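Asker: Quick one: structure below, then a few questions.
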Amino acid sequence: MDSTRNLHSIILGELPDEGKQFTGVLEEDIFGLPPNEPQATEGITYDLHVSRHDDFLLVTGSLLTAFSIECVRCLAQFPYRVELRGHTFDVEITDEVTMDLTEAIREDILLSLPAYPKCEDSSLGEIQCTPAVKVYSPDDPPPESDDETQGGSKQNVWGALDNLGALNDND
Ligand SMILES: [Zn+2]
């Protein structure tokens with residue numbers, strides 16, 4: 001059986017009242033994002049229960065896949081796993097013959113990705129984030145470091161940064 005075709009065309013006439021389980025791997029890249037945006041690195045493993053409720057399909061189950069995402073801070077690519085378990089969505093029935101679930105799946109998976117992806121979001125958990133250009137914001141204060149303690153005219157600046165670091169010590 002072609003599992004990809006399954007999710008693209010759920011045949012309503014074959015859905016029993018109690019619903020039906022759909023399990024498999026959708027190998028096709030349904031995201032189709034430009035190169036600077038997240039890229040799927042594997043198929044979508046799905047285990048979904050689909051049932052009809054009047055004018056919509058109720059879908060519950062799990063969606064698992066992985067992406068390569070660019071860090072907004074250092075621009076490196078890092079791996080990111082998507083694991084939507086116990087996930088629920090519904091799809092309005094617009095065609096009485098077959099329904100395509102892939103658009104709803106695409107949307108929900110993209111919504112689960114971090115809005116401001118950083119290396120620390122990586123599923124590997126140990127990636128060093130080394131920004132090429134350091135841009136600090138109040139939400140992202142500079143780390144305290146030893147190698148940036150040159151004096152001179154920069155002293156006041158580093159003093160201010162130290163104060164920021166001290167405030168951050170309470171974390
Ligand atoms: Zn990074």
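Chain labels A, B, ... are given in the sequence in which chains occur in the structure tokens; within each chain residues are numbered consecutively from 1, and ligands are likewise numbered from 1 in the order shown.
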Can you pull out every residue within 8 Å of Arg73 of chain A, counting only C-alpha atoms, but drop anything in the same chain fewer than 3 positions away, and send it as a short mmCIF file (atom, residue, chain, number, x, y, z; two decimals) with N, CA and C atoms, in the first residue's frame?
Answerer:
```
data_model
loop_
_atom_site.label_atom_id
_atom_site.label_comp_id
_atom_site.auth_asym_id
_atom_site.auth_seq_id
_atom_site.Cartn_x
_atom_site.Cartn_y
_atom_site.Cartn_z
N LYS A 118 17.59 28.96 17.87
CA LYS A 118 18.98 29.13 18.29
C LYS A 118 19.59 27.76 18.53
N CYS A 129 27.24 27.68 20.22
CA CYS A 129 26.74 28.79 19.41
C CYS A 129 27.79 29.89 19.44
N THR A 130 28.42 30.14 18.30
CA THR A 130 29.48 31.14 18.25
C THR A 130 29.14 32.18 17.20
N PRO A 131 28.42 33.23 17.63
CA PRO A 131 27.99 34.26 16.67
C PRO A 131 29.19 34.93 16.00
#
```
Asker: Residues contacting ligand 1 - anything with an atom at most 8 Å away, using only C-alpha atoms and all ligand atoms - can you give me those as JSON, numbers by chain?
Answerer: {"A": [70, 71, 72, 73, 74, 75, 76, 77, 78, 118, 119, 120, 127, 128, 129, 130, 131]}
Asker: Give me the segment 70-105 of chain A side of the contact with segment 58-62 of chain A, cut-off 6 Å, one line per residue showing its nearest atom pair and distance in Å at one decimal, counting only C-alpha atoms, sorted by chain and residue number, as JSON lines.
Answerer:
```
{"residue": "A:Leu84", "atom": "CA", "partner": "A:Ser62", "partner_atom": "CA", "distance": 5.4}
{"residue": "A:Arg85", "atom": "CA", "partner": "A:Ser62", "partner_atom": "CA", "distance": 4.3}
{"residue": "A:Gly86", "atom": "CA", "partner": "A:Gly61", "partner_atom": "CA", "distance": 5.0}
{"residue": "A:His87", "atom": "CA", "partner": "A:Gly61", "partner_atom": "CA", "distance": 5.3}
{"residue": "A:Thr88", "atom": "CA", "partner": "A:Thr60", "partner_atom": "CA", "distance": 4.3}
{"residue": "A:Phe89", "atom": "CA", "partner": "A:Val59", "partner_atom": "CA", "distance": 5.4}
{"residue": "A:Asp90", "atom": "CA", "partner": "A:Leu58", "partner_atom": "CA", "distance": 4.5}
```
Asker: Only N, CA and C atoms, please: the residues just picked out, written as a CSV table (one decimal), in the first residue's frame.
Answerer:
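Below you can see result-v2.csv, which holds the result:
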```
chain,number,residue,atom,x,y,z
A,84,LEU,N,5.3,15.6,17.8
A,84,LEU,CA,4.0,16.0,18.2
A,84,LEU,C,3.3,14.7,18.6
A,85,ARG,N,3.1,14.5,19.9
A,85,ARG,CA,2.4,13.3,20.4
A,85,ARG,C,1.1,13.7,21.1
A,86,GLY,N,0.1,12.9,20.9
A,86,GLY,CA,-1.2,13.3,21.5
A,86,GLY,C,-1.8,14.5,20.8
A,87,HIS,N,-1.4,14.7,19.5
A,87,HIS,CA,-1.7,15.9,18.8
A,87,HIS,C,-3.1,15.7,18.2
A,88,THR,N,-3.9,16.8,18.2
A,88,THR,CA,-5.2,16.8,17.6
A,88,THR,C,-5.5,17.9,16.7
A,89,PHE,N,-6.0,17.7,15.6
A,89,PHE,CA,-6.4,18.8,14.7
A,89,PHE,C,-7.7,18.3,13.9
A,90,ASP,N,-8.4,19.3,13.3
A,90,ASP,CA,-9.5,18.9,12.5
A,90,ASP,C,-9.4,19.6,11.1
```
